[in-house]
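Enquirer: This is final.csv (CSV, N, CA and C atoms).
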```
chain,number,residue,atom,x,y,z
I,19,MET,N,75.3,76.2,21.2
I,19,MET,CA,75.6,74.9,21.7
I,19,MET,C,76.1,74.0,20.7
I,20,GLY,N,75.6,74.0,19.5
I,20,GLY,CA,76.1,73.2,18.4
I,20,GLY,C,77.5,73.4,18.1
I,21,ASP,N,78.0,74.7,18.3
I,21,ASP,CA,79.4,75.0,18.0
I,21,ASP,C,80.3,74.4,19.0
I,22,LEU,N,79.8,74.3,20.3
I,22,LEU,CA,80.7,73.6,21.3
I,22,LEU,C,80.9,72.2,21.0
I,23,ARG,N,79.9,71.5,20.6
I,23,ARG,CA,80.0,70.1,20.3
I,23,ARG,C,81.0,69.9,19.1
I,24,ASP,N,80.9,70.8,18.1
I,24,ASP,CA,81.7,70.7,17.0
I,24,ASP,C,83.2,71.0,17.3
I,25,ASP,N,83.4,71.9,18.3
I,25,ASP,CA,84.8,72.2,18.8
I,25,ASP,C,85.4,71.0,19.5
I,26,ARG,N,84.6,70.2,20.2
I,26,ARG,CA,85.1,69.1,21.0
I,26,ARG,C,85.4,67.9,20.2
I,27,ARG,N,84.7,67.8,19.1
I,27,ARG,CA,84.8,66.6,18.2
I,27,ARG,C,86.2,66.2,17.8
I,28,PRO,N,87.0,67.1,17.3
I,28,PRO,CA,88.4,66.7,16.9
I,28,PRO,C,89.2,66.2,18.1
I,29,HIS,N,89.0,66.8,19.3
I,29,HIS,CA,89.8,66.4,20.4
I,29,HIS,C,89.3,65.0,20.8
I,30,LEU,N,88.0,64.7,20.7
I,30,LEU,CA,87.5,63.4,21.1
I,30,LEU,C,88.0,62.4,20.1
I,31,GLU,N,88.0,62.7,18.8
I,31,GLU,CA,88.5,61.8,17.8
I,31,GLU,C,90.0,61.5,18.0
I,32,ASP,N,90.8,62.5,18.3
I,32,ASP,CA,92.2,62.3,18.6
I,32,ASP,C,92.4,61.4,19.8
I,33,ALA,N,91.6,61.6,20.9
I,33,ALA,CA,91.7,60.8,22.1
I,33,ALA,C,91.4,59.3,21.7
I,34,LEU,N,90.3,59.1,21.0
I,34,LEU,CA,89.9,57.7,20.6
I,34,LEU,C,91.0,57.1,19.7
I,35,ALA,N,91.6,57.9,18.8
I,35,ALA,CA,92.7,57.3,18.0
I,35,ALA,C,93.9,56.9,18.8
I,36,ARG,N,94.2,57.8,19.8
I,36,ARG,CA,95.4,57.4,20.7
I,36,ARG,C,95.1,56.2,21.5
I,37,GLU,N,93.8,56.1,22.0
I,37,GLU,CA,93.5,54.9,22.8
I,37,GLU,C,93.5,53.6,21.9
I,38,ARG,N,93.0,53.7,20.7
I,38,ARG,CA,93.1,52.5,19.8
I,38,ARG,C,94.5,52.2,19.5
I,39,GLN,N,95.4,53.1,19.3
I,39,GLN,CA,96.8,52.9,19.1
I,39,GLN,C,97.5,52.2,20.3
I,40,GLU,N,97.1,52.7,21.5
I,40,GLU,CA,97.7,52.1,22.7
I,40,GLU,C,97.2,50.6,22.8
I,41,ILE,N,96.0,50.4,22.6
I,41,ILE,CA,95.5,49.0,22.7
I,41,ILE,C,96.2,48.1,21.6
I,42,LYS,N,96.4,48.7,20.5
I,42,LYS,CA,97.1,47.9,19.4
I,42,LYS,C,98.5,47.6,19.8
I,43,HIS,N,99.2,48.5,20.4
I,43,HIS,CA,100.6,48.3,20.8
I,43,HIS,C,100.6,47.3,22.0
I,44,GLU,N,99.6,47.4,22.9
I,44,GLU,CA,99.6,46.4,24.0
I,44,GLU,C,99.3,45.0,23.5
I,45,MET,N,98.4,44.9,22.5
I,45,MET,CA,98.2,43.5,22.0
I,45,MET,C,99.4,43.0,21.3
I,46,GLN,N,100.1,43.8,20.5
I,46,GLN,CA,101.3,43.4,19.9
I,46,GLN,C,102.4,42.9,20.9
I,47,PHE,N,102.5,43.6,22.0
I,47,PHE,CA,103.4,43.2,23.0
I,47,PHE,C,103.0,41.9,23.6
I,48,ASN,N,101.7,41.8,23.9
I,48,ASN,CA,101.2,40.5,24.5
I,48,ASN,C,101.5,39.3,23.6
I,49,LEU,N,101.3,39.5,22.3
I,49,LEU,CA,101.5,38.4,21.4
I,49,LEU,C,103.0,38.1,21.3
I,50,PHE,N,103.9,39.2,21.3
I,50,PHE,CA,105.3,39.0,21.3
I,50,PHE,C,105.7,38.2,22.6
I,51,PHE,N,105.2,38.6,23.7
I,51,PHE,CA,105.5,37.9,25.0
I,51,PHE,C,105.1,36.4,24.9
I,52,VAL,N,103.9,36.1,24.3
I,52,VAL,CA,103.5,34.7,24.2
I,52,VAL,C,104.5,34.0,23.3
I,53,ALA,N,104.9,34.6,22.2
I,53,ALA,CA,105.9,34.0,21.3
I,53,ALA,C,107.2,33.7,22.0
I,54,LEU,N,107.6,34.7,22.8
I,54,LEU,CA,108.8,34.5,23.6
I,54,LEU,C,108.7,33.3,24.6
I,55,ILE,N,107.6,33.2,25.2
I,55,ILE,CA,107.4,32.2,26.2
I,55,ILE,C,107.5,30.8,25.5
I,56,PHE,N,106.7,30.7,24.4
I,56,PHE,CA,106.6,29.4,23.8
I,56,PHE,C,107.9,29.0,23.0
I,57,THR,N,108.6,30.0,22.6
I,57,THR,CA,110.0,29.8,22.0
I,57,THR,C,110.9,29.3,23.0
I,58,THR,N,110.9,29.9,24.2
I,58,THR,CA,111.8,29.5,25.3
I,58,THR,C,111.4,28.1,25.7
I,59,LEU,N,110.2,27.8,25.8
I,59,LEU,CA,109.7,26.4,26.1
I,59,LEU,C,110.2,25.4,25.1
I,60,SER,N,110.0,25.7,23.9
I,60,SER,CA,110.3,24.7,22.8
I,60,SER,C,111.8,24.5,22.8
I,61,LEU,N,112.6,25.5,22.9
I,61,LEU,CA,114.1,25.4,22.9
I,61,LEU,C,114.6,24.6,24.1
I,62,SER,N,114.0,24.9,25.3
I,62,SER,CA,114.4,24.3,26.5
I,62,SER,C,114.1,22.8,26.5
I,63,VAL,N,113.0,22.4,25.9
I,63,VAL,CA,112.6,21.0,25.8
I,63,VAL,C,113.4,20.3,24.7
I,64,GLN,N,113.7,21.0,23.6
I,64,GLN,CA,114.5,20.4,22.6
I,64,GLN,C,115.9,20.2,23.0
I,65,PHE,N,116.5,21.1,23.7
I,65,PHE,CA,117.9,21.0,24.1
I,65,PHE,C,118.0,20.7,25.6
I,66,ALA,N,117.1,19.9,26.1
I,66,ALA,CA,117.1,19.6,27.6
I,66,ALA,C,118.4,18.8,28.0
I,67,LEU,N,118.8,19.0,29.2
I,67,LEU,CA,120.0,18.3,29.7
I,67,LEU,C,119.6,16.8,29.9
I,68,LYS,N,120.5,16.0,29.6
I,68,LYS,CA,120.3,14.5,29.7
I,68,LYS,C,120.7,14.1,31.1
I,69,ILE,N,119.7,14.1,32.0
I,69,ILE,CA,120.0,13.8,33.4
I,69,ILE,C,119.0,12.7,33.9
I,70,PRO,N,119.4,11.9,34.9
I,70,PRO,CA,118.5,10.8,35.3
I,70,PRO,C,117.1,11.4,35.8
I,71,LEU,N,116.1,10.6,35.7
I,71,LEU,CA,114.8,11.0,36.1
I,71,LEU,C,114.7,11.2,37.6
I,72,ALA,N,115.5,10.5,38.4
I,72,ALA,CA,115.4,10.6,39.8
I,72,ALA,C,116.2,11.8,40.4
I,73,SER,N,116.8,12.5,39.5
I,73,SER,CA,117.7,13.6,39.9
I,73,SER,C,116.8,14.8,40.3
I,74,PHE,N,117.3,15.6,41.2
I,74,PHE,CA,116.6,16.8,41.6
I,74,PHE,C,116.6,17.8,40.5
I,75,PHE,N,117.7,17.8,39.7
I,75,PHE,CA,117.8,18.8,38.6
I,75,PHE,C,116.8,18.5,37.5
I,76,HIS,N,116.5,17.2,37.3
I,76,HIS,CA,115.5,16.9,36.3
I,76,HIS,C,114.1,17.5,36.7
I,77,TRP,N,113.8,17.4,37.9
I,77,TRP,CA,112.5,17.9,38.3
I,77,TRP,C,112.4,19.4,38.4
I,78,VAL,N,113.6,20.0,38.6
I,78,VAL,CA,113.7,21.5,38.5
I,78,VAL,C,113.4,21.9,37.0
I,79,GLN,N,114.0,21.1,36.1
I,79,GLN,CA,113.8,21.4,34.7
I,79,GLN,C,112.3,21.2,34.3
I,80,VAL,N,111.7,20.1,34.7
I,80,VAL,CA,110.3,19.9,34.4
I,80,VAL,C,109.4,20.9,35.0
I,81,THR,N,109.7,21.4,36.2
I,81,THR,CA,109.0,22.5,36.9
I,81,THR,C,109.0,23.7,36.0
I,82,SER,N,110.2,24.0,35.5
I,82,SER,CA,110.3,25.2,34.7
I,82,SER,C,109.5,25.1,33.4
I,83,TRP,N,109.4,23.9,32.8
I,83,TRP,CA,108.5,23.7,31.6
I,83,TRP,C,107.1,23.9,32.0
I,84,VAL,N,106.7,23.4,33.1
I,84,VAL,CA,105.3,23.6,33.5
I,84,VAL,C,105.0,25.1,33.8
I,85,LEU,N,105.9,25.8,34.4
I,85,LEU,CA,105.7,27.2,34.6
I,85,LEU,C,105.6,28.0,33.3
I,86,LEU,N,106.5,27.6,32.4
I,86,LEU,CA,106.4,28.3,31.1
I,86,LEU,C,105.1,28.0,30.4
I,87,LEU,N,104.7,26.8,30.4
I,87,LEU,CA,103.4,26.4,29.8
I,87,LEU,C,102.3,27.2,30.4
I,88,ARG,N,102.2,27.2,31.7
I,88,ARG,CA,101.2,28.0,32.4
I,88,ARG,C,101.2,29.5,32.1
I,89,ALA,N,102.4,30.0,32.1
I,89,ALA,CA,102.5,31.5,31.7
I,89,ALA,C,102.1,31.7,30.3
I,90,GLY,N,102.5,30.9,29.4
I,90,GLY,CA,102.1,31.1,28.0
I,90,GLY,C,100.6,31.0,27.8
I,91,VAL,N,100.0,30.0,28.3
I,91,VAL,CA,98.5,29.8,28.1
I,91,VAL,C,97.8,30.9,28.8
I,92,SER,N,98.3,31.3,30.0
I,92,SER,CA,97.6,32.4,30.7
I,92,SER,C,97.7,33.7,30.0
I,93,GLN,N,98.8,33.9,29.4
I,93,GLN,CA,99.0,35.2,28.6
I,93,GLN,C,98.1,35.1,27.3
I,94,LEU,N,97.9,33.9,26.7
I,94,LEU,CA,96.9,33.8,25.6
I,94,LEU,C,95.5,34.1,26.1
I,95,VAL,N,95.1,33.6,27.3
I,95,VAL,CA,93.8,33.9,27.8
I,95,VAL,C,93.6,35.4,28.1
I,96,VAL,N,94.7,36.0,28.7
I,96,VAL,CA,94.6,37.4,28.9
I,96,VAL,C,94.5,38.2,27.6
I,97,SER,N,95.2,37.8,26.6
I,97,SER,CA,95.1,38.4,25.3
I,97,SER,C,93.7,38.3,24.7
I,98,LYS,N,93.1,37.1,24.9
I,98,LYS,CA,91.7,36.9,24.4
I,98,LYS,C,90.7,37.8,25.1
I,99,ILE,N,90.9,37.9,26.4
I,99,ILE,CA,90.0,38.7,27.2
I,99,ILE,C,90.1,40.2,26.8
I,100,MET,N,91.3,40.6,26.4
I,100,MET,CA,91.5,42.0,25.9
I,100,MET,C,91.0,42.2,24.5
I,101,GLY,N,90.5,41.1,23.9
I,101,GLY,CA,90.0,41.3,22.5
I,101,GLY,C,90.9,40.8,21.5
I,102,GLY,N,91.8,39.9,21.8
I,102,GLY,CA,92.9,39.5,20.8
I,102,GLY,C,92.3,38.5,19.8
I,103,PRO,N,93.2,38.1,18.9
I,103,PRO,CA,92.8,37.3,17.8
I,103,PRO,C,92.5,35.8,18.1
I,104,LEU,N,92.8,35.4,19.3
I,104,LEU,CA,92.7,34.0,19.7
I,104,LEU,C,91.2,33.6,19.7
I,105,GLU,N,90.9,32.5,19.0
I,105,GLU,CA,89.5,32.1,18.9
I,105,GLU,C,89.4,30.7,19.5
I,106,PHE,N,88.3,30.5,20.3
I,106,PHE,CA,88.0,29.2,20.8
I,106,PHE,C,86.8,28.7,20.1
I,107,SER,N,86.8,27.4,19.8
I,107,SER,CA,85.7,26.8,19.0
I,107,SER,C,84.5,26.6,19.8
I,108,ASN,N,84.6,26.5,21.1
I,108,ASN,CA,83.5,26.2,22.0
I,108,ASN,C,83.6,27.1,23.2
I,109,ARG,N,82.4,27.6,23.6
I,109,ARG,CA,82.4,28.6,24.7
I,109,ARG,C,82.8,27.9,26.0
I,110,LYS,N,82.4,26.6,26.2
I,110,LYS,CA,82.8,25.9,27.4
I,110,LYS,C,84.3,25.7,27.5
I,111,ILE,N,85.0,25.4,26.4
I,111,ILE,CA,86.4,25.3,26.4
I,111,ILE,C,87.0,26.6,26.9
I,112,TYR,N,86.5,27.7,26.3
I,112,TYR,CA,87.0,29.0,26.7
I,112,TYR,C,86.8,29.3,28.2
I,113,GLU,N,85.7,29.0,28.7
I,113,GLU,CA,85.4,29.2,30.2
I,113,GLU,C,86.3,28.3,31.0
I,114,LEU,N,86.6,27.1,30.6
I,114,LEU,CA,87.5,26.2,31.3
I,114,LEU,C,88.9,26.8,31.3
I,115,PHE,N,89.4,27.3,30.2
I,115,PHE,CA,90.7,28.0,30.1
I,115,PHE,C,90.8,29.2,31.0
I,116,VAL,N,89.7,30.0,31.1
I,116,VAL,CA,89.7,31.2,31.9
I,116,VAL,C,89.8,30.7,33.4
I,117,ARG,N,89.0,29.7,33.8
I,117,ARG,CA,89.1,29.2,35.2
I,117,ARG,C,90.4,28.6,35.5
I,118,LEU,N,91.0,27.8,34.6
I,118,LEU,CA,92.2,27.2,34.9
I,118,LEU,C,93.4,28.1,35.0
I,119,PHE,N,93.4,29.1,34.1
I,119,PHE,CA,94.6,29.9,33.9
I,119,PHE,C,94.3,31.4,34.2
I,120,GLN,N,93.4,31.6,35.2
I,120,GLN,CA,93.1,32.9,35.6
I,120,GLN,C,94.2,33.5,36.5
I,121,LEU,N,95.0,34.2,35.8
I,121,LEU,CA,96.2,34.9,36.6
I,121,LEU,C,96.2,36.3,36.2
I,122,LYS,N,96.7,37.1,37.1
I,122,LYS,CA,97.0,38.5,36.8
I,122,LYS,C,98.3,38.6,36.0
I,123,GLU,N,98.5,39.6,35.3
I,123,GLU,CA,99.7,39.7,34.5
I,123,GLU,C,100.9,39.7,35.3
I,124,GLU,N,100.9,40.2,36.5
I,124,GLU,CA,102.1,40.2,37.4
I,124,GLU,C,102.5,38.8,37.7
I,125,TRP,N,101.5,37.9,37.9
I,125,TRP,CA,101.8,36.5,38.2
I,125,TRP,C,102.4,35.8,37.0
I,126,ILE,N,101.9,36.2,35.8
I,126,ILE,CA,102.4,35.7,34.6
I,126,ILE,C,103.9,36.0,34.4
I,127,TRP,N,104.3,37.2,34.7
I,127,TRP,CA,105.7,37.6,34.7
I,127,TRP,C,106.5,36.9,35.7
I,128,ILE,N,105.9,36.7,36.9
I,128,ILE,CA,106.6,36.0,38.0
I,128,ILE,C,106.9,34.5,37.6
I,129,HIS,N,105.9,33.9,37.0
I,129,HIS,CA,106.0,32.5,36.5
I,129,HIS,C,107.1,32.5,35.4
I,130,PHE,N,107.1,33.4,34.5
I,130,PHE,CA,108.1,33.4,33.5
I,130,PHE,C,109.5,33.6,34.1
I,131,ILE,N,109.7,34.5,35.0
I,131,ILE,CA,111.1,34.7,35.5
I,131,ILE,C,111.5,33.5,36.4
I,132,MET,N,110.6,33.0,37.2
I,132,MET,CA,110.9,31.8,37.9
I,132,MET,C,111.3,30.6,37.0
I,133,ALA,N,110.6,30.5,35.9
I,133,ALA,CA,110.9,29.4,35.0
I,133,ALA,C,112.3,29.6,34.4
I,134,LEU,N,112.7,30.8,34.1
I,134,LEU,CA,114.0,31.1,33.6
I,134,LEU,C,115.1,30.8,34.6
I,135,ILE,N,114.8,31.1,35.9
I,135,ILE,CA,115.7,30.8,36.9
I,135,ILE,C,115.9,29.3,37.1
I,136,PHE,N,114.7,28.6,37.1
I,136,PHE,CA,114.7,27.1,37.2
I,136,PHE,C,115.4,26.5,36.0
I,137,LEU,N,115.4,27.1,34.8
I,137,LEU,CA,116.1,26.5,33.7
I,137,LEU,C,117.6,26.7,33.8
I,138,MET,N,118.0,27.8,34.5
I,138,MET,CA,119.4,28.1,34.6
I,138,MET,C,120.1,27.2,35.7
I,139,ILE,N,119.3,26.8,36.7
I,139,ILE,CA,119.9,26.1,37.9
I,139,ILE,C,120.6,24.8,37.4
I,140,PRO,N,120.0,23.9,36.7
I,140,PRO,CA,120.7,22.7,36.3
I,140,PRO,C,121.9,23.0,35.4
I,141,ARG,N,121.9,24.0,34.6
I,141,ARG,CA,123.0,24.3,33.7
I,141,ARG,C,124.2,24.9,34.5
I,142,VAL,N,123.9,25.6,35.5
I,142,VAL,CA,124.9,26.2,36.3
I,142,VAL,C,125.6,25.1,37.2
I,143,PHE,N,124.8,24.2,37.8
I,143,PHE,CA,125.4,23.3,38.8
I,143,PHE,C,125.8,22.0,38.2
I,144,LEU,N,125.5,21.7,36.9
I,144,LEU,CA,126.0,20.4,36.3
I,144,LEU,C,127.1,20.7,35.3
```
Could I get this file's structure written as structure tokens?
Expert:
Amino acid sequence: MGDLRDDRRPHLEDALARERQEIKHEMQFNLFFVALIFTTLSLSVQFALKIPLASFFHWVQVTSWVLLLRAGVSQLVVSKIMGGPLEFSNRKIYELFVRLFQLKEEWIWIHFIMALIFLMIPRVFL
């Protein structure tokens, strides 16, 4: 019996190493996606179109910023839940963020794509 356990040990260690590597790659992708979202947000705010506040296109632009902000913070919360490097100083703040931005990853992608479409609309029609 001792021999069987010793025979399975290398396979188990290989499987654990592969799983750790997959988690590492997924975390790297999540952090890259967060960086992409916040870079898009900062550039779109910095180079915003100068249009009147009462304009429909202004509110489309603001909506895209809100969607980007929500997608970015939601992705950060998802990364933290997965064991990422994000640290909250207070447990209550963390629980608040989880409740406010509790989205599935599919919705985060949908918010991101909708925000990109909303960012393009004023630039195409003006």
Enquirer: As an MDAnalysis selection string, please: every residue in chain I that DSSP puts in helix (DSSP H, G or I).
Expert: chainID I and resid 20:64 74:99 109:118 123:143
Enquirer: Please report the interatomic distance between atom CA of Ser62 of chain I and atom CA of Phe74 of chain I in Å with one decimal.
Expert: 17.0 Å
Enquirer: Could you check which of I:Leu71, I:Leu54, I:Leu94, I:Leu86 is closest to Leu134 of chain I, using all atoms listed in the file?
Expert: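 Answer, going by the shortest atom-to-atom distance: I:Leu86.
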Enquirer: I need the residue nearest His129 of chain I from this list: I:His43, I:Arg117, I:Arg88, I:Lys110. Use all atoms listed in the file for the distance.
Expert: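 Between I:His43, I:Arg117, I:Arg88, I:Lys110, the residue approaching His129 of chain I most closely is I:Arg88.
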Enquirer: Using only N, CA and C atoms, pick whichever of I:Ile69, I:Phe75, I:Val52, I:Glu113 has the shortest atom-to-atom distance to Ala89 of chain I.
Expert: I:Val52
Enquirer: What's the separation between atom C of Leu67 of chain I and atom C of Trp83 of chain I, in Å to one decimal place?
Expert: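 These atoms are spaced 14.5 Å apart.
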Enquirer: Of the candidates I:Val63, I:His29, I:Leu118, I:Gln46, which shows the shortest atom-to-atom distance to Ser92 of chain I, using all atoms listed in the file?
Expert: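 When distances to Ser92 of chain I are compared using all atoms listed in the file, the smallest one comes from I:Leu118.
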Enquirer: Find the distance between atom CA of Arg36 of chain I and atom CA of Trp127 of chain I and write it in Å to one decimal.
Expert: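 We find that atom CA of Arg36 of chain I and atom CA of Trp127 of chain I lie 26.3 Å from each other.
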Enquirer: As a list of chain:residue names, please: the residues near segment 135-137 of chain I (cut-off 8 Å, only N, CA and C atoms, same-chain neighbours under 4 positions excluded).
Expert: I:Ser62, I:Val78, I:Gln79, I:Val80, I:Thr81, I:Ser82, I:Trp83, I:His129, I:Phe130, I:Ile131, I:Arg141, I:Val142
